[in-house]
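What follows is one structure encoded as structure tokens, with my remarks underneath.
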Amino acid sequence: MAQGLIEVERKFLPGPGTEERLQELGGTLEHRVTFRDTYYDTPELSLMQADHWLRRREDSGWELKCPGAAGVLGHHTEYKELTAEPTIVAQLCKVLGADGLGAGDVAAVLGPLGLQEVASFVTKRSAWKLVLLGTDEEEPQLRVDLDTADFGYAVGEVEALVHEEAEVPTALEKIHRLSSMLGVPAQETAPAKLIVYLQRFRPQDYQRLLEVNSSKQRPQGTEDPDNCLG
């Protein structure tokens with residue numbers, strides 16, 4: 001994925017007929033894949049509290065999700081995704097207030113920044129793409145990922161990638177249209193896999209996020225804080 005793209009997404013709870021509905025709408029199954037994600041943070045969850053999410057995906061490398069535009073409302077999230085390691089390191093140092101670490105590999109700065117593994121789980125995913133009827137065939141396709149984590153939680157995600165903030169409203173309109181076609185209730189919110197993992201296996205960390213986000217204006221990705229990435 002190109003560096004600096006804006007990811008606009010909405011999570012939902014898939015049902016037994018979701019894949020069939022995607023086929024009816026003209027969706028194409030790109031692949032089925034299994035992967036492990038490992039998330040890193042400080043013991044105080046300093047990154048998550050700042051709405052930054054650092055993960056390493058097995059065989060894919062590092063990714064840091066950062067907040068998009070301020071003031072995002074509703075049941076969607078908006079993030080910038082960083083995948084170039086020097087850029088990730090620079091942003092980590094900025095968020096954590098560390099200087100002088102240079103622009104090396106992410107793995108090399110985990111120790112100096114006090115970052116440690118906070119979650120690791122395997123996901124089985126079916127990845128779909130489709131273009132909504134009535135839209136330009138040359139426009140970027142919407143992506144729908146249907147995930148089942150190895151701890152028994154299933155969640156879906158409708159996603160659009162855009163280059164500029166000005167494109168976000170159009171992407172949102174498409175996401176909401178497709179969500180409605182899939183039978184997703186307008187007000188439905190679905191927790192991300194990572195949040196459910198913390199809730200089940202690290203309840204003190206989950207409670208920490210709840211308390212921090214209830215004492216300040218919540219970052220867009222941490223409403224509840226369930227509506228974040230995963």
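Residues are referred to by chain and number: the chain letter is A, B, ... according to the order shown in the structure tokens, the number counts from 1 in that chain, and ligands are numbered separately from 1 in the order shown.
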task: Enumerate as a list in words all residues of region 103-132 of chain A assigned to strand (DSSP E or B) by DSSP on the backbone, naming them with the chain letters and numbers the document uses.
output: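 Secondary structure check on region 103-132 of chain A, strand (DSSP E or B): Gln116, Glu117, Val118, Ala119, Ser120, Phe121, Val122, Thr123, Lys124, Arg125, Ser126, Ala127, Trp128, Lys129 and Leu130 of chain A.
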Kindly export the residues of the current selection with C-alpha atoms, as a short mmCIF file (atom, residue, chain, number, x, y, z; two decimals), in the first residue's frame.
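This is the output file again35.cif:
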```cif
data_model
loop_
_atom_site.label_atom_id
_atom_site.label_comp_id
_atom_site.auth_asym_id
_atom_site.auth_seq_id
_atom_site.Cartn_x
_atom_site.Cartn_y
_atom_site.Cartn_z
CA GLN A 116 6.72 -4.64 24.49
CA GLU A 117 4.25 -7.17 23.15
CA VAL A 118 0.74 -6.56 24.49
CA ALA A 119 -1.30 -8.84 22.22
CA SER A 120 -0.76 -11.56 19.65
CA PHE A 121 -3.39 -13.61 17.84
CA VAL A 122 -4.10 -15.45 14.59
CA THR A 123 -6.81 -14.35 12.18
CA LYS A 124 -8.52 -16.22 9.35
CA ARG A 125 -9.68 -13.70 6.74
CA SER A 126 -11.72 -13.76 3.58
CA ALA A 127 -11.02 -10.60 1.57
CA TRP A 128 -13.56 -9.25 -0.92
CA LYS A 129 -13.63 -6.33 -3.35
CA LEU A 130 -16.53 -4.79 -5.22
#
```
Neighbour list for Glu19 (chain A) as a count of residues only, cut-off 9 Å, only C-alpha atoms, skip fewer than 5 positions in-chain: 7
query: What is the distance between CA of His31 (chain A) and CA of Glu63 (chain A), in Å to one decimal?
result: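 These atoms are spaced 21.0 Å apart.
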Sorted by chain and rising residue number, which residues of region 73-162 of chain A lie within 9 Å of region 52-62 of chain A, and what are their closest atom pairs and distances in Å to one decimal, counting only C-alpha atoms, as a tab-separated table?
```
residue	atom	partner	partner_atom	distance
A:Leu82	CA	A:Trp62	CA	8.4
A:Thr83	CA	A:Trp62	CA	6.0
A:Ala84	CA	A:Trp62	CA	7.9
A:Glu85	CA	A:Trp62	CA	7.1
A:Ile88	CA	A:Trp62	CA	8.3
A:Leu92	CA	A:His52	CA	8.7
A:Val95	CA	A:His52	CA	8.5
A:Val106	CA	A:Trp62	CA	7.6
```
Would you mind exporting N, CA, C and O atoms of the selected residues as an mmCIF file, in the first residue's frame?
```cif
data_model
loop_
_atom_site.group_PDB
_atom_site.id
_atom_site.type_symbol
_atom_site.label_atom_id
_atom_site.label_comp_id
_atom_site.auth_asym_id
_atom_site.auth_seq_id
_atom_site.Cartn_x
_atom_site.Cartn_y
_atom_site.Cartn_z
ATOM 1 N N LEU A 82 1.106 4.057 8.261
ATOM 2 C CA LEU A 82 2.533 4.186 7.964
ATOM 3 C C LEU A 82 3.137 2.791 7.888
ATOM 4 O O LEU A 82 2.948 1.984 8.794
ATOM 5 N N THR A 83 3.869 2.520 6.805
ATOM 6 C CA THR A 83 4.483 1.204 6.638
ATOM 7 C C THR A 83 5.992 1.269 6.400
ATOM 8 O O THR A 83 6.669 0.250 6.527
ATOM 9 N N ALA A 84 6.523 2.442 6.069
ATOM 10 C CA ALA A 84 7.970 2.595 5.905
ATOM 11 C C ALA A 84 8.602 2.705 7.296
ATOM 12 O O ALA A 84 8.232 3.579 8.079
ATOM 13 N N GLU A 85 9.551 1.832 7.589
ATOM 14 C CA GLU A 85 10.084 1.768 8.955
ATOM 15 C C GLU A 85 10.702 3.080 9.437
ATOM 16 O O GLU A 85 10.484 3.465 10.588
ATOM 17 N N ILE A 88 7.859 5.198 10.527
ATOM 18 C CA ILE A 88 7.258 4.677 11.760
ATOM 19 C C ILE A 88 8.101 5.057 12.963
ATOM 20 O O ILE A 88 7.585 5.531 13.984
ATOM 21 N N LEU A 92 6.935 7.254 16.155
ATOM 22 C CA LEU A 92 6.985 6.684 17.508
ATOM 23 C C LEU A 92 7.764 7.592 18.445
ATOM 24 O O LEU A 92 7.339 7.852 19.579
ATOM 25 N N VAL A 95 5.622 10.666 19.303
ATOM 26 C CA VAL A 95 4.511 10.408 20.222
ATOM 27 C C VAL A 95 5.028 10.129 21.628
ATOM 28 O O VAL A 95 4.437 10.566 22.620
ATOM 29 N N VAL A 106 12.422 -0.648 13.116
ATOM 30 C CA VAL A 106 11.490 -0.599 14.236
ATOM 31 C C VAL A 106 11.944 -1.538 15.352
ATOM 32 O O VAL A 106 11.927 -1.177 16.533
#
```
- prompt: With distances taken over only C-alpha atoms, which of A:Val184, A:Leu47, A:Leu210, A:Ile175 is nearest to Ala160 (chain A)?
  reply: A:Ile175
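What separates CA of Tyr40 (chain A) from CA of Leu110 (chain A) is a distance of 8.4 Å.
In terms of minimum interatomic distance to Arg202 (chain A), A:Pro43 ranks closest within A:Pro43, A:Val109, A:Gln23, A:Arg32, counting only C-alpha atoms.
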- prompt: Can you list, as a list of chain:residue names, every protein, DNA or RNA residue that comes within 12 Å of Glu167 (chain A) when you count only C-alpha atoms, leaving out same-chain residues fewer than 4 positions away?
  reply: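 Neighbouring residues, sequence-local ones excluded: A:Leu5, A:Ile6, A:Glu7, A:Val8, A:Glu78, A:Glu139, A:Pro140, A:Ala160, A:Leu161, A:Val162, A:His163, A:Ala171, A:Leu172, A:Glu173, A:Lys174.
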message: Run DSSP on the backbone and tell me which residues of region 53-214 of chain A come out as helix (DSSP H, G or I); list them as a ChimeraX atom specification.
response: /A:85-96,106-109,165-181,193-201,203-214
message: Rounded to one decimal, what separation in Å do you get between CA of Met48 (chain A) and CA of Val212 (chain A)?
response: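 We find that CA of Met48 (chain A) and CA of Val212 (chain A) lie 10.1 Å from each other.
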message: Quick one: residues within 12 Å of Arg208 (chain A), only C-alpha atoms, excluding same-chain residues fewer than 3 positions away - as a ChimeraX atom specification?
response: /A:43-46,48-49,195,198-199,202-205,211-215,224-225
Produce a file of the selected residues containing all heavy atoms, as a short mmCIF file (atom, residue, chain, number, x, y, z; two decimals), in the first residue's frame.
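Written file, result37.cif:
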```cif
data_model
loop_
_atom_site.label_atom_id
_atom_site.label_comp_id
_atom_site.auth_asym_id
_atom_site.auth_seq_id
_atom_site.Cartn_x
_atom_site.Cartn_y
_atom_site.Cartn_z
N PRO A 43 4.18 -0.31 28.81
CA PRO A 43 3.36 -0.89 29.88
C PRO A 43 2.16 -0.02 30.25
O PRO A 43 1.14 -0.52 30.72
CB PRO A 43 4.34 -1.00 31.06
CG PRO A 43 5.69 -1.14 30.41
CD PRO A 43 5.62 -0.25 29.19
N GLU A 44 2.27 1.29 30.02
CA GLU A 44 1.16 2.21 30.33
C GLU A 44 0.22 2.41 29.14
O GLU A 44 -0.72 3.20 29.22
CB GLU A 44 1.72 3.58 30.74
CG GLU A 44 2.62 3.56 31.96
CD GLU A 44 4.04 3.05 31.63
OE1 GLU A 44 4.45 3.19 30.46
OE2 GLU A 44 4.70 2.53 32.55
N LEU A 45 0.49 1.69 28.04
CA LEU A 45 -0.31 1.82 26.81
C LEU A 45 -0.28 3.24 26.27
O LEU A 45 -1.29 3.80 25.84
CB LEU A 45 -1.77 1.38 27.05
CG LEU A 45 -1.97 -0.04 27.59
CD1 LEU A 45 -3.46 -0.37 27.65
CD2 LEU A 45 -1.24 -1.08 26.75
N SER A 46 0.91 3.83 26.28
CA SER A 46 1.05 5.23 25.85
C SER A 46 0.63 5.44 24.40
O SER A 46 0.05 6.49 24.05
CB SER A 46 2.50 5.68 26.04
OG SER A 46 2.89 5.58 27.39
N MET A 48 -1.59 3.53 22.55
CA MET A 48 -3.04 3.38 22.42
C MET A 48 -3.77 4.57 23.01
O MET A 48 -4.78 5.03 22.46
CB MET A 48 -3.50 2.09 23.09
CG MET A 48 -2.99 0.82 22.43
SD MET A 48 -3.65 -0.67 23.22
CE MET A 48 -2.63 -1.93 22.43
N GLN A 49 -3.26 5.09 24.13
CA GLN A 49 -3.89 6.26 24.73
C GLN A 49 -3.82 7.47 23.80
O GLN A 49 -4.67 8.36 23.86
CB GLN A 49 -3.23 6.58 26.07
CG GLN A 49 -3.52 5.56 27.15
CD GLN A 49 -2.97 5.98 28.50
OE1 GLN A 49 -2.97 7.17 28.83
NE2 GLN A 49 -2.50 5.02 29.28
N ILE A 195 -9.33 -4.89 20.70
CA ILE A 195 -10.05 -4.44 21.89
C ILE A 195 -10.71 -5.63 22.59
O ILE A 195 -10.68 -5.73 23.82
CB ILE A 195 -11.09 -3.38 21.51
CG1 ILE A 195 -10.38 -2.12 21.01
CG2 ILE A 195 -11.98 -3.06 22.69
CD1 ILE A 195 -9.44 -1.49 22.02
N LEU A 198 -8.03 -7.54 24.47
CA LEU A 198 -7.67 -6.90 25.73
C LEU A 198 -8.76 -7.09 26.77
O LEU A 198 -8.49 -7.35 27.94
CB LEU A 198 -7.41 -5.41 25.51
CG LEU A 198 -6.20 -5.04 24.65
CD1 LEU A 198 -6.14 -3.53 24.46
CD2 LEU A 198 -4.90 -5.55 25.25
N GLN A 199 -10.01 -6.96 26.34
CA GLN A 199 -11.12 -7.11 27.27
C GLN A 199 -11.14 -8.51 27.90
O GLN A 199 -11.41 -8.66 29.09
CB GLN A 199 -12.43 -6.83 26.54
CG GLN A 199 -13.66 -6.79 27.44
CD GLN A 199 -14.90 -6.44 26.66
OE1 GLN A 199 -14.98 -6.64 25.45
NE2 GLN A 199 -15.88 -5.87 27.34
N ARG A 202 -6.64 -9.18 28.99
CA ARG A 202 -5.90 -8.16 29.74
C ARG A 202 -6.90 -7.12 30.24
O ARG A 202 -6.86 -5.95 29.84
CB ARG A 202 -4.81 -7.53 28.86
CG ARG A 202 -3.79 -8.53 28.35
CD ARG A 202 -2.68 -7.87 27.54
NE ARG A 202 -1.87 -7.00 28.35
CZ ARG A 202 -0.53 -6.96 28.31
NH1 ARG A 202 0.13 -7.79 27.50
NH2 ARG A 202 0.13 -6.12 29.05
N PRO A 203 -7.82 -7.54 31.08
CA PRO A 203 -8.92 -6.64 31.50
C PRO A 203 -8.43 -5.37 32.17
O PRO A 203 -9.09 -4.34 32.07
CB PRO A 203 -9.75 -7.51 32.44
CG PRO A 203 -8.84 -8.63 32.87
CD PRO A 203 -7.93 -8.88 31.72
N GLN A 204 -7.29 -5.42 32.86
CA GLN A 204 -6.78 -4.20 33.50
C GLN A 204 -6.37 -3.18 32.45
O GLN A 204 -6.60 -1.98 32.61
CB GLN A 204 -5.62 -4.54 34.42
CG GLN A 204 -6.02 -5.32 35.67
CD GLN A 204 -4.86 -5.58 36.59
OE1 GLN A 204 -3.71 -5.66 36.16
NE2 GLN A 204 -5.16 -5.71 37.88
N ASP A 205 -5.73 -3.67 31.36
CA ASP A 205 -5.36 -2.76 30.27
C ASP A 205 -6.60 -2.20 29.58
O ASP A 205 -6.66 -1.01 29.23
CB ASP A 205 -4.49 -3.48 29.24
CG ASP A 205 -3.07 -3.69 29.76
OD1 ASP A 205 -2.66 -2.98 30.69
OD2 ASP A 205 -2.38 -4.59 29.23
N GLU A 211 -10.91 4.21 31.13
CA GLU A 211 -10.80 5.32 32.07
C GLU A 211 -10.15 6.54 31.43
O GLU A 211 -10.60 7.67 31.62
CB GLU A 211 -10.01 4.86 33.29
CG GLU A 211 -10.75 3.83 34.15
CD GLU A 211 -9.88 3.25 35.23
OE1 GLU A 211 -8.68 3.59 35.27
OE2 GLU A 211 -10.40 2.46 36.04
N VAL A 212 -9.10 6.31 30.66
CA VAL A 212 -8.41 7.42 30.01
C VAL A 212 -9.32 8.12 29.02
O VAL A 212 -9.41 9.35 28.98
CB VAL A 212 -7.13 6.93 29.31
CG1 VAL A 212 -6.56 8.01 28.40
CG2 VAL A 212 -6.09 6.52 30.34
N ASN A 213 -10.05 7.32 28.22
CA ASN A 213 -10.89 7.91 27.19
C ASN A 213 -12.16 8.54 27.74
O ASN A 213 -12.77 9.38 27.09
CB ASN A 213 -11.23 6.85 26.14
CG ASN A 213 -10.02 6.44 25.34
OD1 ASN A 213 -9.23 7.28 24.94
ND2 ASN A 213 -9.85 5.15 25.12
N SER A 214 -12.56 8.15 28.94
CA SER A 214 -13.73 8.78 29.54
C SER A 214 -13.38 10.09 30.24
O SER A 214 -14.26 10.90 30.53
CB SER A 214 -14.38 7.83 30.55
OG SER A 214 -13.51 7.59 31.65
N SER A 215 -12.10 10.31 30.47
CA SER A 215 -11.67 11.51 31.17
C SER A 215 -11.23 12.62 30.22
O SER A 215 -10.84 13.69 30.65
CB SER A 215 -10.51 11.19 32.12
OG SER A 215 -9.37 10.78 31.38
N ASP A 224 -15.60 4.15 22.99
CA ASP A 224 -16.05 3.06 23.89
C ASP A 224 -14.98 2.29 24.67
O ASP A 224 -15.32 1.82 25.74
CB ASP A 224 -16.95 2.04 23.17
CG ASP A 224 -18.24 2.66 22.72
OD1 ASP A 224 -18.68 3.63 23.36
OD2 ASP A 224 -18.82 2.17 21.76
N PRO A 225 -13.71 2.03 24.23
CA PRO A 225 -12.97 2.36 23.03
C PRO A 225 -13.08 1.31 21.95
O PRO A 225 -12.13 1.02 21.21
CB PRO A 225 -11.53 2.43 23.55
CG PRO A 225 -11.51 1.32 24.56
CD PRO A 225 -12.89 1.30 25.19
#
```
